[in-house]
Structure formats: structure tokens, C-alpha cells
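Worksheet for the structure shown next.
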Amino acid sequence: MATSSLLPHSLLSLPTASSRFPKTSLPISSISLSLNQISISRSGSVAFQPLVRRGRDSTFGIARAGETGKEETPAETGGDEGSSESVEEESSVAVAVEEKPPKKPIVKLNEIIGILNKKFIEEAEIIKPVPDIRPGDIVEIKKQKANRRRLALYKGIVISKSSAGVHTTIRIRYMTSGTAVEIVFPVYSPTIKEIKVVSHRDVRRAKLFYLREKLPRFYTFKK
Amino acid sequence: MGVVAIASHGLSLAVGAGLLQRNRSNSTGTPLLPSVVRMGSSRKGRVRGMEVVAMASFEAGIGVMGTKLGMMTYIEPEGKVVPVTVVGFREGNVVTQVKTSATDGYDAVQVGYRRVRDTKLTKPELGHLQKVGAIPMRHLQEFRLQAVDGFEPGQLLAIEEIFKEGDLVDVSGNSIGKGFQGGIKRHNFARGPMTHGSKSHRQLGSIGAGTTPGRVYKGKKMPGRMGGVKTKIRKLTIVKIDTDLRAILIKGAVPGKPGNLLRITPAKIVGKNIPKN
């Protein structure tokens, strides 16, 4: 940088990353970046799996550029033929040339428990939609008891919520006939027919166990 | 329990109380030679000229191998909340060898589990699997059955056909290792008082009588290594079988931590399906 000594501000003369790289490699790196984006979007393709490693030499990008150029044209022609042939296939341009059925994503073993939890929660939600419950909410719960026709009604304040997938539980505290009662309800249980958030009390804690030492009027509710 | 000596080919095997002098076992872990010889045993065959009487116990049916994934809750449609263990299945459960009493002296089905890279297996192991055209698998276990008619080498075992929801199963696997543990944890001994001048809190106490017998009995429960051994939990219920995820939910806990290899077999219930000799 011949002009660095003439400029008054030394900041302007700091060598930038682009100035260090020779001009010839810049367009190649940009091409490989854009190609990377294109090839990643075509997740349906089976034949070509790009692995452009930035740390490698610049010639790597050039070789990939040639391959992707060849790969795109047959895929496009294949897509045109597919759309003209069968309308019921509903295949976009991103279908592989061999016309395989869409690959099922491989489920990792450590994801199975998470997927099972989501599945059970979805099944429970279909039967009864569960609202978003926070500690401090005053809720009304209707529960089916065994061998009873009428549903039991509980109205109290949520003092804690334990999130554990399908076994998410809430602890309700209320006062009935001079006795303080705390009940734990599994939110996604089929015996709980309805959960309704009636009102909300502003609290500054996640667990309201201090209510146990407080006066009963703080957890008494008229049904 | 009788002690019988078999002499053949100049070799004499003195068998006493379940111990064998030459107890070679292959990668499956089952001994090639008989472990106990009892009067009135039924299965006899000839292996390499020697009189072989195999006496390991039978399974109630073909089983599978699986991987413990973890535990979660399952809420039954009636509302009962049940703790379950989720057992997943890797690529495997392929029959690799069918042993018959004519060829091997006993009837068993050898099953492989868990696909691995070729380089992780030795050439003899790879050859054994390539003989039936199976993928390279890490674990091989035998299920000793009374009848091995319906099994072919190379057959894929489908979990849905062997087990169904509500079945009782026995699950065995390596339990969690606890290391060197004392009498209280290992053998549920009671500890001494913590106060009132006591000098013995977690010690064993007395380990025997006086001049007679003048020694400590063999098998006296003492501190030692605990856990990390094969443990079988019997009569667990299968709560759910998920065919898409290839997982089953078993009620209760099973040995080991998540990732542990499990051996799941139909439960052996006295009076129902324990095979008779």
C-alpha cells in the first residue's frame, strides 16, 4: 500500500481481508457459496451430496462448479418431463432424476423419546385443548372420577408447574371447608376433561410455595 | 447334585458343583462344553467325538436384542400413569446361525445386532457373517430353544411378530457398575449407631463364630465390586410397540444406562411356558 504513508489516518491504511486475497480467487469463492445454497435446497436429490470445505485450496471450488453446472441441467429436464407426464405426482424441480419416493428422514435413537412425548401430547390435545398455564393462574379443572357420572370441579391457584413432556403437572392450591388442599394434576391425562384459566395473579416467582405460610384468604376462591 | 466324570479320548473332565476345568466360550458367551452334568439329562450329542451333554436352560421363545434409550411416562387411556422404559432397535436382529443337536449338540438360534464398520470386526468374525450374507454386526447372542424349525440363517427378526402389547418379557443386560462397595450398600447390612459412643458405624461387625469353626465361611458377605454384571429383570409388561419409530415401551426399569445393550425374551413363567426337558 504505497498511499499508506501519505494518509493522515492510520486506520484507513489497515490491510483488510479482501486486499490480502489475490483478486483471482474472489469470484470462485463467491460461486462456490452460491452453489452451496442451491445444492442444499435440493434435498431430494440422491446422487449429488456437496461437501464444500472452505479450508481447502481454491481449486476445489472450481471442480465443484463444473460438476454442479452439469448436474443442474439434467435435473431441470427431468423435472419438465415429470410435470408434463403426470399431474398427480406433484413433484417440484427438486425431485431426483431416478423419481424415488421421498426419503424418510432417519430418526436418531436419542430423538425417539422427544418424538414420543410430542406424539402423546398431540393425541391428548386432540381430545382436549390445553391452554398455556403459568404459576399464579387461577384455574378451573373438571376431572372425571372413576365410577362417578358427574365431573369433579376444582378451582384454585397454580403454585407450581413441572414441565416433563406428556407428564407435565400443575399443583393447585385451594381452601375447602376450613382445610387447605394441594392437588397435583397431570395436564395431559385423559381423566381431566377441561382446564380453564379464570384469572391471573401477578407473582414474581415460578414456585409459590410461600402461600403455605400465608393467610388462607390468598388461596380461597369462590366456585 | 451328582459329581460325574466323563472320560473320552484320554481326557478326563472332572465336573464338580457346576465348575468346568476347560470352560472355553466363544464370542456368544455360551460355553461350548457342558457346564453341569446331572443324572437323567435328556439332550445328548457328539461333538468332536466327545460325549456332550448341554445343560444350559432354554428360552421360552426367540428373543431380540435392543438398546435402552431412556425412561418416560405413558398415560393409559383409562388415566393410569405408568413409568416406561423406551427400548430402541438398531440395524440388526438378523439370524446368523442356526445350531442343531445333530451338528452342535444343542438347538439354538444365533442372532446378531448393531451394524458396525467393516474395519471394527476381525476377519474371522466378518467371514462368519458373510457366510449368511449378513451385515457386519457387533454383538452375537444365542437363544437356546426347544425347536429351531422356523429359523433360517439370514432371516430378519421382526419385533411385531415376536411380541405384542401386553406380553410379559424378561429383560437382561449389564447393570450399572457401582465400583468397590461396602457391606451396607452391597448386601443391605444395617449400620451401627451414629452416636451414644458407638465406634462402629458402617463396619461389617462380626464375621463368624469362635474357636468352632475357627474360620470364616466361604461366601461370607463382605465388601467388594458391585454392579456391572449381567442382570435379568423378569415379567415386565410391554406397554406399547411403535412400528414407525422402531421402539417398544416396557413398563418399569431395565438394567443399565441409556445406550445399554438389552436382551429381551418372552417371560419364563412357572407352570405356563417353561420348557421341560
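Chain identifiers are assigned as A, B, and so on, following the order in which chains appear in the C-alpha cells; residues are numbered from 1 within each chain, and ligands are numbered from 1 in order of appearance.
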With chain A as the partner and 10 Å as the cut-off, tabulate the residues of chain B that qualify, each row holding the nearest pair of atoms and their distance in Å to one decimal, using only C-alpha atoms, sorted by chain and rising number, as a Markdown table.
```
| residue | atom | partner | partner_atom | distance |
| --- | --- | --- | --- | --- |
| B:Thr67 | CA | A:Leu109 | CA | 8.9 |
| B:Lys68 | CA | A:Leu109 | CA | 9.5 |
| B:Leu69 | CA | A:Asn110 | CA | 6.7 |
| B:Gly70 | CA | A:Ile113 | CA | 7.4 |
| B:Met71 | CA | A:Ile113 | CA | 8.0 |
| B:Met72 | CA | A:Ile113 | CA | 7.4 |
| B:Thr73 | CA | A:His167 | CA | 6.2 |
| B:Tyr74 | CA | A:Val166 | CA | 7.6 |
| B:Ile75 | CA | A:Ser189 | CA | 6.5 |
| B:Glu76 | CA | A:Pro190 | CA | 8.2 |
| B:Pro77 | CA | A:Pro190 | CA | 6.4 |
| B:Glu78 | CA | A:Pro190 | CA | 7.0 |
| B:Gly79 | CA | A:Thr191 | CA | 5.5 |
| B:Lys80 | CA | A:Ser189 | CA | 8.3 |
| B:Val81 | CA | A:Ser189 | CA | 8.2 |
| B:Thr85 | CA | A:Ile113 | CA | 9.7 |
| B:Val86 | CA | A:Ile113 | CA | 7.2 |
| B:Val87 | CA | A:Leu109 | CA | 9.3 |
| B:Gly88 | CA | A:Leu109 | CA | 6.6 |
| B:Phe89 | CA | A:Leu109 | CA | 8.2 |
| B:Arg90 | CA | A:Leu109 | CA | 8.1 |
| B:Asp242 | CA | A:Leu116 | CA | 9.2 |
| B:Asp244 | CA | A:Val107 | CA | 9.7 |
| B:Leu245 | CA | A:Ile112 | CA | 6.9 |
| B:Arg246 | CA | A:Ile112 | CA | 9.1 |
| B:Ala247 | CA | A:Ile112 | CA | 8.0 |
| B:Pro258 | CA | A:Asn110 | CA | 9.0 |
| B:Gly259 | CA | A:Asn110 | CA | 9.0 |
```
Next on the checklist: So that I can check the surroundings of segment 198-210 of chain A, please list as JSON, numbers by chain every protein, DNA and RNA residue that reaches within 7 Å of it, counting only C-alpha atoms and ignoring chain neighbours fewer than 4 positions away.
Outcome noted: {"A": [135, 136, 137, 138, 139, 140, 159, 160, 214]}
Checklist entry - Hey, what does DSSP flag as helix (DSSP H, G or I) within segment 81-274 of chain B? Can you give it to me as number ranges by chain? => result B: 118-120, 123-130, 159-162, 183-187
Would you output that residue set with C-alpha atoms, as a compact mmCIF listing (two decimals), in the first residue's frame?
```txt
# COMPACT_ATOMS: atom_id res chain seq x y z
CA ASP B 118 -16.07 -53.49 8.49
CA THR B 119 -12.78 -52.40 9.99
CA LYS B 120 -14.11 -52.86 13.51
CA LYS B 123 -11.63 -61.27 9.59
CA PRO B 124 -12.91 -64.45 11.24
CA GLU B 125 -15.92 -62.56 12.57
CA LEU B 126 -16.56 -60.93 9.19
CA GLY B 127 -16.30 -64.29 7.45
CA HIS B 128 -18.78 -65.82 9.88
CA LEU B 129 -21.29 -63.08 8.98
CA GLN B 130 -20.59 -63.07 5.27
CA ILE B 159 -40.35 -57.32 16.64
CA GLU B 160 -44.06 -57.02 15.80
CA GLU B 161 -44.27 -60.73 15.06
CA ILE B 162 -42.47 -61.89 18.18
CA GLY B 183 -21.49 -54.17 53.16
CA ILE B 184 -24.29 -51.67 53.68
CA LYS B 185 -24.78 -50.83 50.02
CA ARG B 186 -23.75 -54.20 48.64
CA HIS B 187 -25.58 -56.56 50.99
```
Checklist entry - Near Arg202 of chain B, counting only C-alpha atoms, which residues have an atom at most 10 Å away, once you skip same-chain residues fewer than 4 positions from it, shown as a VMD selection string? => result chain B and resid 182 to 185 189 to 194
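Note that the spacing between atom CA of Lys223 of chain A and atom CA of Thr169 of chain A amounts to 22.0 Å.
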Next on the checklist: List the spatial neighbours of segment 253-256 of chain B as a PyMOL selection string - criterion: any atom at most 6 Å away, only C-alpha atoms, same-chain residues fewer than 3 positions off excluded.
Outcome noted: chain B and resi 85+173-176+260
Those residues with all heavy atoms, as a PDB file, in the first residue's frame please?
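As a result, part.pdb now contains:
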```pdb
ATOM      1  N   THR B  85     -39.841 -47.719  30.138  1.00  0.00           N
ATOM      2  CA  THR B  85     -38.517 -47.610  29.528  1.00  0.00           C
ATOM      3  C   THR B  85     -38.694 -47.714  28.027  1.00  0.00           C
ATOM      4  O   THR B  85     -39.406 -48.592  27.545  1.00  0.00           O
ATOM      5  CB  THR B  85     -37.610 -48.764  29.968  1.00  0.00           C
ATOM      6  OG1 THR B  85     -37.756 -48.957  31.352  1.00  0.00           O
ATOM      7  CG2 THR B  85     -36.175 -48.468  29.655  1.00  0.00           C
ATOM      8  N   GLY B 173     -29.480 -57.388  30.917  1.00  0.00           N
ATOM      9  CA  GLY B 173     -28.424 -56.527  30.410  1.00  0.00           C
ATOM     10  C   GLY B 173     -27.423 -56.307  31.516  1.00  0.00           C
ATOM     11  O   GLY B 173     -27.628 -56.712  32.657  1.00  0.00           O
ATOM     12  N   ASN B 174     -26.321 -55.620  31.166  1.00  0.00           N
ATOM     13  CA  ASN B 174     -25.310 -55.323  32.181  1.00  0.00           C
ATOM     14  C   ASN B 174     -25.796 -54.198  33.082  1.00  0.00           C
ATOM     15  O   ASN B 174     -26.146 -53.129  32.595  1.00  0.00           O
ATOM     16  CB  ASN B 174     -24.004 -54.908  31.496  1.00  0.00           C
ATOM     17  CG  ASN B 174     -23.044 -56.054  31.407  1.00  0.00           C
ATOM     18  OD1 ASN B 174     -23.409 -57.185  31.664  1.00  0.00           O
ATOM     19  ND2 ASN B 174     -21.814 -55.756  31.050  1.00  0.00           N
ATOM     20  N   SER B 175     -25.780 -54.456  34.384  1.00  0.00           N
ATOM     21  CA  SER B 175     -26.247 -53.424  35.309  1.00  0.00           C
ATOM     22  C   SER B 175     -25.178 -52.336  35.450  1.00  0.00           C
ATOM     23  O   SER B 175     -24.033 -52.502  35.030  1.00  0.00           O
ATOM     24  CB  SER B 175     -26.553 -54.032  36.674  1.00  0.00           C
ATOM     25  OG  SER B 175     -25.403 -54.659  37.176  1.00  0.00           O
ATOM     26  N   ILE B 176     -25.582 -51.227  36.048  1.00  0.00           N
ATOM     27  CA  ILE B 176     -24.667 -50.103  36.241  1.00  0.00           C
ATOM     28  C   ILE B 176     -23.594 -50.511  37.245  1.00  0.00           C
ATOM     29  O   ILE B 176     -23.888 -51.087  38.289  1.00  0.00           O
ATOM     30  CB  ILE B 176     -25.442 -48.873  36.761  1.00  0.00           C
ATOM     31  CG1 ILE B 176     -26.518 -48.490  35.755  1.00  0.00           C
ATOM     32  CG2 ILE B 176     -24.518 -47.711  37.014  1.00  0.00           C
ATOM     33  CD1 ILE B 176     -27.424 -47.396  36.255  1.00  0.00           C
ATOM     34  N   ASN B 260     -27.423 -48.886  26.642  1.00  0.00           N
ATOM     35  CA  ASN B 260     -27.019 -50.220  27.052  1.00  0.00           C
ATOM     36  C   ASN B 260     -27.651 -51.275  26.158  1.00  0.00           C
ATOM     37  O   ASN B 260     -28.783 -51.114  25.706  1.00  0.00           O
ATOM     38  CB  ASN B 260     -27.455 -50.444  28.513  1.00  0.00           C
ATOM     39  CG  ASN B 260     -26.723 -51.600  29.155  1.00  0.00           C
ATOM     40  OD1 ASN B 260     -25.609 -51.913  28.771  1.00  0.00           O
ATOM     41  ND2 ASN B 260     -27.357 -52.236  30.128  1.00  0.00           N
TER      42      ASN B 260
END
```
